[in-house]
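K.L.:
My file is entry_36.csv. It has CSV, C-alpha atoms:
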chain,number,residue,atom,x,y,z
A,1,MET,CA,126.8,-19.1,99.2
A,2,SER,CA,125.9,-17.3,102.4
A,3,SER,CA,128.4,-14.8,103.7
A,4,ARG,CA,128.1,-15.9,107.4
A,5,VAL,CA,131.5,-15.3,109.0
A,6,ALA,CA,133.2,-18.5,110.0
A,7,THR,CA,135.2,-18.7,113.2
A,8,ILE,CA,137.4,-21.5,114.6
A,9,SER,CA,135.3,-21.6,117.8
A,10,GLY,CA,132.0,-21.3,116.0
A,11,GLY,CA,132.5,-24.1,113.5
A,12,PRO,CA,132.8,-24.3,109.7
A,13,ASN,CA,130.9,-21.9,107.5
A,14,VAL,CA,130.8,-24.4,104.7
A,15,ILE,CA,131.0,-28.2,104.7
A,16,VAL,CA,131.9,-30.2,101.6
A,17,TRP,CA,130.7,-33.8,101.5
A,18,ASP,CA,132.1,-36.1,98.9
A,19,ILE,CA,129.0,-38.2,99.2
A,20,THR,CA,130.5,-41.0,97.1
A,21,TYR,CA,133.7,-42.0,95.3
A,22,ALA,CA,131.8,-43.7,92.6
A,23,CYS,CA,132.2,-41.8,89.3
A,24,PRO,CA,131.7,-42.6,85.5
A,25,LEU,CA,134.7,-40.3,84.7
A,26,ARG,CA,138.5,-40.7,85.2
A,27,CYS,CA,139.8,-37.2,85.4
A,28,THR,CA,143.6,-36.9,85.1
A,29,HIS,CA,143.7,-34.5,88.1
A,30,CYS,CA,141.0,-36.1,90.3
A,31,TYR,CA,141.4,-34.8,93.8
A,32,SER,CA,139.6,-37.7,95.4
A,33,GLU,CA,140.7,-40.4,92.9
A,34,SER,CA,137.0,-41.2,92.4
A,35,GLY,CA,136.2,-44.2,90.2
A,36,ARG,CA,139.6,-45.7,91.1
A,37,ARG,CA,138.9,-46.7,94.7
A,38,ALA,CA,136.0,-48.1,96.7
A,39,SER,CA,133.0,-45.8,96.7
A,40,LYS,CA,132.7,-45.8,100.5
A,41,GLN,CA,129.1,-45.0,100.0
A,42,LEU,CA,126.8,-45.3,103.1
A,43,SER,CA,123.3,-46.7,103.4
A,44,LEU,CA,120.5,-44.2,103.3
A,45,VAL,CA,120.0,-44.5,107.0
A,46,ASP,CA,123.7,-43.7,107.7
A,47,MET,CA,123.7,-40.9,105.1
A,48,LEU,CA,120.9,-39.2,106.9
A,49,ARG,CA,122.8,-39.7,110.2
A,50,VAL,CA,125.8,-38.0,108.7
A,51,THR,CA,123.5,-35.2,107.4
A,52,GLU,CA,122.1,-34.6,110.9
A,53,ALA,CA,125.6,-34.5,112.3
A,54,MET,CA,126.7,-31.9,109.7
A,55,LEU,CA,123.5,-29.8,110.4
A,56,ALA,CA,124.4,-29.8,114.1
A,57,LEU,CA,127.4,-27.6,113.2
A,58,CYS,CA,125.0,-25.0,111.8
A,59,PRO,CA,126.9,-24.4,108.5
A,60,ALA,CA,125.6,-21.8,106.1
A,61,ALA,CA,125.9,-24.2,103.2
A,62,ILE,CA,126.7,-27.9,102.5
A,63,VAL,CA,128.2,-28.8,99.2
A,64,LEU,CA,127.6,-32.3,97.7
A,65,ALA,CA,130.4,-33.4,95.6
A,66,GLY,CA,132.3,-36.7,95.0
A,67,GLY,CA,132.7,-38.6,92.8
A,68,GLU,CA,129.4,-38.1,91.1
A,69,PRO,CA,126.6,-37.3,93.7
A,70,LEU,CA,123.8,-37.9,91.2
A,71,VAL,CA,124.6,-41.6,91.1
A,72,VAL,CA,123.8,-41.9,94.8
A,73,LYS,CA,120.5,-43.6,95.7
A,74,GLY,CA,119.1,-41.5,98.5
A,75,VAL,CA,120.6,-38.2,97.5
A,76,GLN,CA,117.0,-36.8,97.1
A,77,GLU,CA,116.3,-37.6,100.8
A,78,VAL,CA,119.6,-36.0,101.9
A,79,VAL,CA,118.8,-32.8,100.0
A,80,ASP,CA,115.3,-32.7,101.4
A,81,ARG,CA,116.7,-33.0,105.0
A,82,MET,CA,119.1,-30.1,104.4
A,83,VAL,CA,116.3,-27.9,102.9
A,84,ASP,CA,114.0,-28.8,105.8
A,85,ALA,CA,116.7,-27.6,108.2
A,86,GLY,CA,117.1,-24.3,106.4
A,87,VAL,CA,120.6,-25.1,105.1
A,88,GLU,CA,121.4,-24.4,101.4
A,89,PRO,CA,122.5,-27.5,99.5
A,90,HIS,CA,125.0,-26.9,96.6
A,91,LEU,CA,125.8,-29.7,94.2
A,92,TYR,CA,128.6,-30.4,91.7
A,93,THR,CA,128.1,-32.8,88.8
A,94,GLY,CA,130.2,-34.0,85.9
A,95,GLY,CA,127.0,-34.0,83.8
A,96,TRP,CA,127.5,-37.6,82.5
A,97,SER,CA,123.9,-38.6,83.0
A,98,LEU,CA,121.2,-36.2,84.1
A,99,GLY,CA,117.6,-36.6,83.2
A,100,PRO,CA,114.5,-34.3,83.7
A,101,SER,CA,113.3,-36.3,86.7
A,102,VAL,CA,116.6,-35.6,88.5
A,103,VAL,CA,116.1,-31.8,87.9
A,104,GLU,CA,112.6,-31.9,89.3
A,105,ASP,CA,113.3,-34.2,92.2
A,106,VAL,CA,116.8,-33.0,93.4
A,107,LEU,CA,118.2,-30.0,91.6
A,108,VAL,CA,115.2,-27.7,92.0
A,109,LYS,CA,115.8,-27.8,95.8
A,110,CYS,CA,119.5,-26.8,95.6
A,111,ALA,CA,120.7,-23.3,95.9
A,112,ASP,CA,122.9,-23.9,92.9
A,113,VAL,CA,124.2,-26.6,90.6
A,114,SER,CA,127.7,-26.5,89.1
A,115,VAL,CA,128.5,-28.6,86.0
A,116,SER,CA,132.2,-29.4,85.6
A,117,VAL,CA,133.5,-28.5,82.2
A,118,ASP,CA,137.3,-28.6,82.0
A,119,GLY,CA,137.9,-27.8,78.4
A,120,ALA,CA,136.1,-25.5,75.9
A,121,THR,CA,136.4,-28.2,73.2
A,122,ALA,CA,135.7,-31.9,73.2
A,123,GLU,CA,139.3,-32.7,72.5
A,124,VAL,CA,140.6,-30.9,75.6
A,125,HIS,CA,137.7,-31.7,77.9
A,126,ASP,CA,137.6,-35.4,77.1
A,127,ALA,CA,141.3,-35.8,77.5
A,128,VAL,CA,141.2,-34.1,81.0
A,129,ARG,CA,138.1,-36.0,82.1
A,130,GLY,CA,139.3,-39.3,80.8
A,131,ARG,CA,136.3,-40.4,78.9
A,132,ALA,CA,135.3,-39.9,75.3
A,133,GLY,CA,131.9,-38.2,74.9
A,134,SER,CA,132.0,-36.5,78.3
A,135,PHE,CA,132.1,-33.0,76.7
A,136,ASP,CA,128.9,-33.7,74.7
A,137,ARG,CA,127.2,-35.1,77.8
A,138,ALA,CA,128.2,-32.0,79.9
A,139,MET,CA,126.8,-29.7,77.1
A,140,ALA,CA,123.6,-31.7,77.1
A,141,THR,CA,123.3,-31.3,80.8
A,142,LEU,CA,123.8,-27.6,80.6
A,143,GLU,CA,121.2,-27.4,77.8
A,144,LEU,CA,118.7,-29.3,80.0
A,145,LEU,CA,119.3,-27.0,82.9
A,146,ASP,CA,119.0,-24.0,80.6
A,147,ARG,CA,115.6,-25.1,79.2
A,148,TRP,CA,114.3,-25.9,82.7
A,149,ALA,CA,115.5,-22.6,84.1
A,150,ALA,CA,113.8,-20.7,81.2
A,151,ARG,CA,110.5,-22.5,81.9
A,152,GLN,CA,110.7,-21.8,85.6
A,153,ARG,CA,111.4,-18.1,84.9
A,154,ALA,CA,108.4,-17.9,82.5
A,155,ARG,CA,106.2,-19.3,85.3
A,156,ASN,CA,107.8,-17.1,88.0
A,157,ALA,CA,108.5,-20.4,89.7
A,158,LYS,CA,111.5,-21.3,92.0
A,159,ARG,CA,114.7,-22.2,90.1
A,160,CYS,CA,118.2,-22.9,91.3
A,161,ALA,CA,121.1,-21.1,89.7
A,162,PHE,CA,123.3,-23.2,87.5
A,163,ALA,CA,126.9,-22.6,86.8
A,164,LEU,CA,129.7,-23.9,84.6
A,165,ASP,CA,132.8,-24.8,86.7
A,166,ALA,CA,136.1,-25.1,84.9
A,167,THR,CA,139.2,-26.5,86.6
A,168,LEU,CA,142.2,-25.3,84.6
A,169,VAL,CA,145.3,-27.2,83.7
A,170,ARG,CA,148.0,-26.2,81.3
A,171,SER,CA,146.3,-27.8,78.3
A,172,SER,CA,143.1,-25.8,78.9
A,173,PHE,CA,144.5,-22.4,80.1
A,174,HIS,CA,144.6,-21.1,76.5
A,175,GLN,CA,140.8,-21.7,76.2
A,176,LEU,CA,139.8,-19.1,78.7
A,177,GLU,CA,138.6,-16.8,76.0
A,178,LEU,CA,136.7,-19.6,74.2
A,179,PHE,CA,134.8,-20.5,77.4
A,180,CYS,CA,133.6,-16.9,77.5
A,181,THR,CA,132.9,-16.2,73.9
A,182,ASP,CA,131.7,-19.7,72.7
A,183,ILE,CA,130.4,-21.8,75.6
A,184,ALA,CA,128.8,-19.2,77.9
A,185,PRO,CA,126.5,-17.6,75.2
A,186,ARG,CA,125.0,-21.0,74.4
A,187,PHE,CA,123.1,-21.0,77.6
A,188,PRO,CA,121.0,-17.8,78.1
A,189,GLU,CA,120.0,-18.8,81.7
A,190,LEU,CA,123.6,-19.5,82.8
A,191,HIS,CA,124.2,-17.8,86.1
A,192,GLN,CA,128.0,-18.2,86.6
A,193,LEU,CA,131.2,-19.1,84.9
A,194,SER,CA,133.8,-20.2,87.5
A,195,PHE,CA,137.5,-20.7,86.7
A,196,GLY,CA,139.8,-22.3,89.2
A,197,ALA,CA,143.4,-23.4,88.9
A,198,ALA,CA,143.9,-27.1,89.4
A,199,MET,CA,145.5,-27.8,92.8
A,200,PRO,CA,148.4,-30.2,93.4
A,201,ILE,CA,146.3,-32.6,95.5
A,202,GLY,CA,145.1,-36.1,95.0
A,203,LEU,CA,146.1,-37.4,91.6
A,204,ALA,CA,147.3,-33.9,90.7
A,205,SER,CA,150.0,-34.1,93.3
A,206,ARG,CA,151.8,-37.1,91.8
A,207,PRO,CA,155.3,-36.7,90.4
A,208,GLY,CA,155.4,-35.1,87.0
A,209,PHE,CA,151.9,-33.6,87.1
A,210,ALA,CA,153.1,-30.3,88.5
A,211,GLU,CA,155.8,-30.0,85.9
A,212,HIS,CA,153.7,-30.9,82.9
A,213,ASP,CA,150.0,-30.3,83.6
A,214,LEU,CA,149.4,-27.9,86.5
A,215,LEU,CA,149.3,-24.2,85.6
A,216,THR,CA,152.7,-22.5,85.9
A,217,ASP,CA,153.1,-20.0,88.7
A,218,GLU,CA,153.1,-17.3,86.1
A,219,GLN,CA,149.8,-18.6,84.6
A,220,ALA,CA,148.2,-18.8,88.1
A,221,ASP,CA,149.3,-15.2,88.8
A,222,LEU,CA,147.8,-14.0,85.5
A,223,LEU,CA,144.6,-15.9,86.2
A,224,VAL,CA,143.8,-13.7,89.2
A,225,ASP,CA,145.3,-10.5,87.9
A,226,PRO,CA,142.5,-7.9,88.3
A,227,GLN,CA,142.9,-6.6,84.7
A,228,HIS,CA,142.7,-10.1,83.4
A,229,ILE,CA,139.6,-10.8,85.3
A,230,GLU,CA,137.9,-7.7,84.0
A,231,TRP,CA,138.9,-8.7,80.5
A,232,LEU,CA,137.2,-12.1,81.0
A,233,ARG,CA,134.1,-10.4,82.4
A,234,SER,CA,133.9,-8.2,79.3
A,235,LEU,CA,133.7,-11.2,77.1
A,236,VAL,CA,130.6,-12.9,78.6
A,237,PRO,CA,126.9,-11.9,78.3
A,238,PRO,CA,126.0,-9.3,80.9
A,239,SER,CA,123.8,-11.8,82.9
A,240,VAL,CA,126.8,-14.2,83.5
A,241,HIS,CA,128.9,-13.6,86.6
A,242,VAL,CA,132.6,-14.6,86.2
A,243,SER,CA,134.5,-15.8,89.3
A,244,VAL,CA,138.2,-16.7,89.3
A,245,THR,CA,140.5,-18.3,91.9
A,246,ASP,CA,144.0,-19.7,92.0
A,247,ASN,CA,142.9,-21.9,94.9
A,248,ARG,CA,146.1,-21.0,96.9
A,249,LEU,CA,143.9,-20.2,99.9
A,250,LEU,CA,143.4,-24.0,100.3
A,251,ARG,CA,147.1,-24.7,100.9
A,252,TYR,CA,146.5,-24.1,104.7
A,253,HIS,CA,149.6,-21.9,104.6
A,254,PRO,CA,150.2,-20.6,108.2
A,255,ASP,CA,150.3,-17.0,106.9
A,256,LEU,CA,146.7,-17.4,105.5
A,257,LEU,CA,145.4,-19.1,108.6
A,258,ALA,CA,146.8,-16.3,110.7
A,259,GLN,CA,144.7,-13.9,108.7
A,260,GLY,CA,141.6,-15.7,109.8
A,261,ARG,CA,141.0,-17.4,106.4
A,262,ILE,CA,139.0,-20.4,107.7
A,263,PRO,CA,138.8,-23.3,105.2
A,264,ALA,CA,135.7,-25.6,104.7
A,265,MET,CA,135.2,-28.8,106.6
A,266,GLN,CA,135.7,-31.8,104.2
A,267,VAL,CA,133.7,-35.1,104.9
A,268,GLU,CA,134.5,-38.4,103.2
A,269,PRO,CA,131.7,-40.6,101.8
A,270,ASP,CA,131.7,-42.8,104.9
A,271,GLY,CA,131.3,-39.8,107.3
A,272,ARG,CA,135.0,-39.5,108.3
A,273,VAL,CA,136.2,-35.9,108.6
A,274,ARG,CA,139.4,-34.8,107.1
A,275,ALA,CA,141.6,-32.7,109.4
A,276,MET,CA,142.6,-30.5,106.4
A,277,ALA,CA,140.1,-30.5,103.5
A,278,ILE,CA,142.5,-31.2,100.6
A,279,TYR,CA,144.9,-33.5,102.4
A,280,GLU,CA,144.7,-37.1,103.5
A,281,GLY,CA,144.3,-37.8,107.2
A,282,THR,CA,141.0,-37.9,109.2
A,283,VAL,CA,140.2,-37.1,112.8
A,284,GLY,CA,137.2,-39.3,113.4
A,285,SER,CA,133.7,-40.0,112.1
A,286,LEU,CA,130.4,-38.1,112.2
A,287,LEU,CA,128.8,-41.4,112.8
A,288,THR,CA,130.5,-41.9,116.1
A,289,ASP,CA,132.1,-38.6,117.4
A,290,PRO,CA,130.6,-35.3,118.4
A,291,PRO,CA,130.7,-33.0,115.4
A,292,MET,CA,132.2,-30.0,117.2
A,293,GLU,CA,134.9,-32.2,118.7
A,294,LEU,CA,135.8,-33.2,115.2
A,295,TRP,CA,136.1,-29.6,114.2
A,296,ARG,CA,138.3,-28.9,117.2
A,297,ARG,CA,140.6,-31.8,116.3
A,298,SER,CA,140.7,-30.5,112.7
A,299,VAL,CA,141.7,-27.0,113.8
A,300,ALA,CA,144.4,-28.5,116.1
A,301,ARG,CA,146.0,-30.3,113.1
A,302,TRP,CA,146.5,-26.9,111.3
A,303,SER,CA,149.2,-25.9,113.9
A,304,ASP,CA,150.8,-29.4,114.1
A,305,PRO,CA,154.6,-28.9,114.0
A,306,PHE,CA,154.9,-31.2,111.0
A,307,VAL,CA,152.2,-29.3,109.1
A,308,VAL,CA,153.7,-25.9,109.9
A,309,GLU,CA,157.2,-27.1,108.9
A,310,THR,CA,156.0,-28.6,105.7
A,311,LEU,CA,153.7,-25.8,104.5
A,312,SER,CA,155.6,-22.7,105.7
A,313,PRO,CA,158.1,-22.6,102.8
A,314,VAL,CA,155.5,-23.4,100.1
A,315,TYR,CA,154.8,-20.7,97.6
A,316,THR,CA,155.1,-22.4,94.2
A,317,MET,CA,152.9,-25.0,92.6
A,318,GLN,CA,155.7,-27.6,92.4
A,319,ASP,CA,156.6,-27.0,96.1
A,320,TRP,CA,153.0,-27.4,97.0
A,321,ALA,CA,152.9,-30.8,95.2
A,322,VAL,CA,155.9,-32.0,97.2
A,323,ALA,CA,154.3,-30.7,100.4
A,324,THR,CA,151.0,-32.5,99.6
A,325,ARG,CA,152.8,-35.8,99.1
A,326,ARG,CA,154.6,-35.4,102.5
A,327,ILE,CA,151.4,-34.6,104.4
A,328,ASP,CA,149.3,-37.3,102.7
A,329,TYR,CA,152.0,-39.9,103.4
A,330,HIS,CA,152.5,-38.7,107.0
A,331,PHE,CA,148.8,-38.5,108.1
A,332,GLY,CA,147.2,-41.1,105.7
A,333,THR,CA,146.4,-44.6,106.5
A,334,ASP,CA,148.3,-47.7,105.2
A,335,ASP,CA,145.6,-48.0,102.5
A,336,ASP,CA,146.1,-44.3,101.6
A,337,ARG,CA,149.9,-44.8,101.3
A,338,ALA,CA,149.5,-47.9,99.2
A,339,ARG,CA,147.2,-45.9,96.8
A,340,ILE,CA,149.7,-43.1,96.7
A,341,ASP,CA,152.5,-45.5,95.8
A,342,ALA,CA,150.4,-47.0,93.0
A,343,ARG,CA,149.6,-43.7,91.3
A,344,PRO,CA,151.0,-43.6,87.7
A,345,LEU,CA,153.8,-41.2,87.0
A,346,VAL,CA,153.2,-38.4,84.5
A,347,LEU,CA,155.9,-38.1,81.9
A,348,SER,CA,154.5,-35.6,79.4
A,349,GLN,CA,151.4,-33.6,78.6
A,350,ALA,CA,148.6,-35.4,76.9
A,351,LEU,CA,147.8,-32.3,74.8
A,352,PRO,CA,149.8,-29.3,73.6
A,353,ALA,CA,149.3,-26.2,75.8
A,354,GLY,CA,148.6,-23.9,72.9
Can I see the file as structure tokens?

P.N.:
Amino acid sequence: MSSRVATISGGPNVIVWDITYACPLRCTHCYSESGRRASKQLSLVDMLRVTEAMLALCPAAIVLAGGEPLVVKGVQEVVDRMVDAGVEPHLYTGGWSLGPSVVEDVLVKCADVSVSVDGATAEVHDAVRGRAGSFDRAMATLELLDRWAARQRARNAKRCAFALDATLVRSSFHQLELFCTDIAPRFPELHQLSFGAAMPIGLASRPGFAEHDLLTDEQADLLVDPQHIEWLRSLVPPSVHVSVTDNRLLRYHPDLLAQGRIPAMQVEPDGRVRAMAIYEGTVGSLLTDPPMELWRRSVARWSDPFVVETLSPVYTMQDWAVATRRIDYHFGTDDDRARIDARPLVLSQALPAG
């Protein structure tokens, strides 16, 4: 993505729009609980209104996520409008169903497309993603993108970069090497292999998940150890860039904010803006409120006394999960709290960690 420097007064550098909560998958750690709640998907007219409001903030990039953005009728028009405005669209997909026409109509216009693959084997991936056959579908999507990128390169034609994005939980952490040595070499045109620790937010914040499924603090530390990252990079083909993050920046910890680490703006499918990207609680709607005013309201939330008190002592994954539940319950709506209360407890790991 562009390296334009974000400032609190200048607006967000990156906007992430969960354009729908509809999804064919049922991931155990789903941050947005997509597929388990109303899709909140707007009409095309209102999606374009939200797009215009986001563009008014002059972000360097807009990320389309969800849910599954490729199930949205009208996503092509949304992408076209962003491109016309000179803003780079980035798209995340679970790869459940992607045909050649989608590549030509939508993905060719994106700066990059990331396919989520959360295990290097079908056993692990399908357990994490909550649907049998999802690993094979993701591999088929990557193969389709790989063939398309090769054809575009041969014609010296425009092609977006495509990446494999892996969210790591305890049952997949031991597969890091396999991602590099078995999965990445299958796709010669693959641009990037991204590893990120699952965050204790959404479903991943529920009681038991941090204890049984999130990476341990020791695993998260190892993940971002420079020597470990260099080892991972030594395993992939030279053309593949490896990126790694423990995602701790997204805690909104006061120490990190004081360093000028400005998070992205997060927009819900219906155009409502979250005050803090990964936590429940909105500050208004892009359909009714001035975009920059919503950004100012968001920034104000970061220094709210309840937020500072809750997040200041958070340094471990389990403490983070407890803090998430407190913030979500405090700032969420009655519907949010009812959904949080209805989340199933996690009693043990679905798969062995080794």

K.L.:
Mind checking which residues fall within 12 Å of A:Glu77, counting all atoms listed in the file, ignoring those fewer than 2 positions away in the same chain, and posting them as a ChimeraX atom specification?

P.N.:
/A:43-49,51,72-75,79-84,89,105-106,109

K.L.:
Contacts of A:Thr216 at 8 Å or less, counting all atoms listed in the file, minus same-chain residues fewer than 2 places along, as an NGL selection string?

P.N.:
:A and (170 or 214 or 218-220 or 317)

K.L.:
With distances taken over all atoms listed in the file, which of A:Ala56, A:Ile62, A:Met199, A:Val103 is nearest to A:Glu88?

P.N.:
A:Ile62

K.L.:
Restricting the calculation to all atoms listed in the file, which member of A:Val314, A:Ala198, A:Met265, A:Leu98 is positioned closest to A:Met292?

P.N.:
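Of the candidates, the smallest distance to A:Met292 is held by A:Met265.
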
K.L.:
Find the residues around stretch 227-230 of chain A up to 12 Å (all atoms listed in the file counted), leave out those fewer than 3 positions away in its own chain, and share them as a list in words.

P.N.:
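Residues meeting the cut-off are Leu176, Glu177, Cys180, Leu193, Ser194, Phe195, Gln219, Ala220, Asp221, Leu222, Leu223, Val224, Arg233, Ser234, Leu235, Val236, His241, Val242, Ser243, Val244, Thr245 and Asp246 of chain A.
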
K.L.:
For the selection just defined, write its residues with C-alpha atoms to a file, as a PDB file, keeping the file's coordinate frame.

P.N.:
ATOM      1  CA  LEU A 176     139.800 -19.100  78.700  1.00  0.00           C
ATOM      2  CA  GLU A 177     138.600 -16.800  76.000  1.00  0.00           C
ATOM      3  CA  CYS A 180     133.600 -16.900  77.500  1.00  0.00           C
ATOM      4  CA  LEU A 193     131.200 -19.100  84.900  1.00  0.00           C
ATOM      5  CA  SER A 194     133.800 -20.200  87.500  1.00  0.00           C
ATOM      6  CA  PHE A 195     137.500 -20.700  86.700  1.00  0.00           C
ATOM      7  CA  GLN A 219     149.800 -18.600  84.600  1.00  0.00           C
ATOM      8  CA  ALA A 220     148.200 -18.800  88.100  1.00  0.00           C
ATOM      9  CA  ASP A 221     149.300 -15.200  88.800  1.00  0.00           C
ATOM     10  CA  LEU A 222     147.800 -14.000  85.500  1.00  0.00           C
ATOM     11  CA  LEU A 223     144.600 -15.900  86.200  1.00  0.00           C
ATOM     12  CA  VAL A 224     143.800 -13.700  89.200  1.00  0.00           C
ATOM     13  CA  ARG A 233     134.100 -10.400  82.400  1.00  0.00           C
ATOM     14  CA  SER A 234     133.900  -8.200  79.300  1.00  0.00           C
ATOM     15  CA  LEU A 235     133.700 -11.200  77.100  1.00  0.00           C
ATOM     16  CA  VAL A 236     130.600 -12.900  78.600  1.00  0.00           C
ATOM     17  CA  HIS A 241     128.900 -13.600  86.600  1.00  0.00           C
ATOM     18  CA  VAL A 242     132.600 -14.600  86.200  1.00  0.00           C
ATOM     19  CA  SER A 243     134.500 -15.800  89.300  1.00  0.00           C
ATOM     20  CA  VAL A 244     138.200 -16.700  89.300  1.00  0.00           C
ATOM     21  CA  THR A 245     140.500 -18.300  91.900  1.00  0.00           C
ATOM     22  CA  ASP A 246     144.000 -19.700  92.000  1.00  0.00           C
TER      23      ASP A 246
END

K.L.:
In Å, how far is it from atom CA of A:Ala197 to atom CA of A:Tyr21?

P.N.:
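Here the two named atoms are 21.9 Å from each other.
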
K.L.:
Taking all atoms listed in the file into account, name the residue in A:Val169, A:Ala65, A:Leu249, A:Cys58 that is nearest to A:Phe209.

P.N.:
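Closest to A:Phe209 of all the choices is A:Val169.
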
K.L.:
Which of these, A:Gln318, A:Gln259, A:Pro226, A:Gln266, has the shortest distance to A:Leu294 once you count all atoms listed in the file?

P.N.:
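Checking each of A:Gln318, A:Gln259, A:Pro226, A:Gln266 against A:Leu294, counting all atoms listed in the file, the winner is A:Gln266.
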
K.L.:
Pick the closest to A:Arg129 from A:Val63, A:Leu215, A:Cys30, A:Ala154: which is it, counting all atoms listed in the file?

P.N.:
A:Cys30

K.L.:
Can you measure atom CA of A:Asp165 to atom CA of A:His90 for me? One decimal in Å is fine.

P.N.:
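Between atom CA of A:Asp165 and atom CA of A:His90 the gap works out to 12.8 Å.
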
K.L.:
How would you write as a ChimeraX atom specification the residues that get within 10 Å of (135.1, -38.5, 108.0) in the file's frame, counting all atoms listed in the file?

P.N.:
/A:17-18,50,265-275,281-289,294

K.L.:
Using all atoms listed in the file, can you tell me which of A:Leu107, A:Val128, A:Ala210, A:Leu256 comes closest to A:Leu311?

P.N.:
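Among the listed residues, A:Leu256 lies closest to A:Leu311.
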
K.L.:
Give me the residues near stretch 324-329 of chain A as a list in words, where near means some atom within 6 Å (using all atoms listed in the file) and where sequence neighbours in that chain fewer than 6 positions away do not count.

P.N.:
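Residues meeting the cut-off are Tyr279, Glu280 and Arg337 of chain A.
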
K.L.:
In Å, how far is it from atom CA of A:Val113 to atom CA of A:Ala157?

P.N.:
16.9 Å

K.L.:
Would you kindly return, as a list in words, each protein, DNA or RNA residue with an atom no farther than 12 Å from any atom of A:Arg186, considering all atoms listed in the file and excluding same-chain residues fewer than 5 positions away?

P.N.:
Met139, Ala140, Leu142, Glu143, Leu144, Leu145, Asp146, Arg147, Leu164, Leu178, Phe179, Cys180, Thr181, Val236, Pro237 and Val240 of chain A

K.L.:
Provide stretch 230-246 of chain A rebuilt to N, CA and C atoms, formatted as a short mmCIF file (atom, residue, chain, number, x, y, z; two decimals), in the coordinates of the input.

P.N.:
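See rebuild_0.cif below for the written result:
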data_model
loop_
_atom_site.label_atom_id
_atom_site.label_comp_id
_atom_site.auth_asym_id
_atom_site.auth_seq_id
_atom_site.Cartn_x
_atom_site.Cartn_y
_atom_site.Cartn_z
N GLU A 230 138.85 -8.63 84.67
CA GLU A 230 137.90 -7.70 84.00
C GLU A 230 137.82 -7.97 82.52
N TRP A 231 138.92 -8.37 81.91
CA TRP A 231 138.90 -8.70 80.50
C TRP A 231 137.95 -9.93 80.27
N LEU A 232 138.08 -10.95 81.10
CA LEU A 232 137.20 -12.10 81.00
C LEU A 232 135.73 -11.70 81.15
N ARG A 233 135.47 -10.84 82.11
CA ARG A 233 134.10 -10.40 82.40
C ARG A 233 133.53 -9.60 81.20
N SER A 234 134.41 -8.95 80.46
CA SER A 234 133.90 -8.20 79.30
C SER A 234 133.53 -9.05 78.14
N LEU A 235 133.93 -10.33 78.18
CA LEU A 235 133.70 -11.20 77.10
C LEU A 235 132.36 -11.99 77.17
N VAL A 236 131.80 -12.10 78.38
CA VAL A 236 130.60 -12.90 78.60
C VAL A 236 129.35 -12.07 78.48
N PRO A 237 128.20 -12.70 78.28
CA PRO A 237 126.90 -11.90 78.30
C PRO A 237 126.79 -11.24 79.67
N PRO A 238 126.11 -10.11 79.70
CA PRO A 238 126.00 -9.30 80.90
C PRO A 238 125.35 -10.10 82.10
N SER A 239 124.54 -11.09 81.80
CA SER A 239 123.80 -11.80 82.90
C SER A 239 124.73 -12.88 83.54
N VAL A 240 125.92 -13.13 83.00
CA VAL A 240 126.80 -14.20 83.50
C VAL A 240 127.85 -13.56 84.44
N HIS A 241 127.91 -14.07 85.66
CA HIS A 241 128.90 -13.60 86.60
C HIS A 241 130.18 -14.51 86.42
N VAL A 242 131.34 -13.89 86.35
CA VAL A 242 132.60 -14.60 86.20
C VAL A 242 133.34 -14.58 87.55
N SER A 243 133.67 -15.76 88.08
CA SER A 243 134.50 -15.80 89.30
C SER A 243 135.78 -16.58 88.96
N VAL A 244 136.86 -16.16 89.60
CA VAL A 244 138.20 -16.70 89.30
C VAL A 244 138.94 -16.91 90.60
N THR A 245 139.63 -18.05 90.72
CA THR A 245 140.50 -18.30 91.90
C THR A 245 141.68 -19.11 91.51
N ASP A 246 142.79 -18.82 92.17
CA ASP A 246 144.00 -19.70 92.00
C ASP A 246 144.02 -20.78 93.01
#
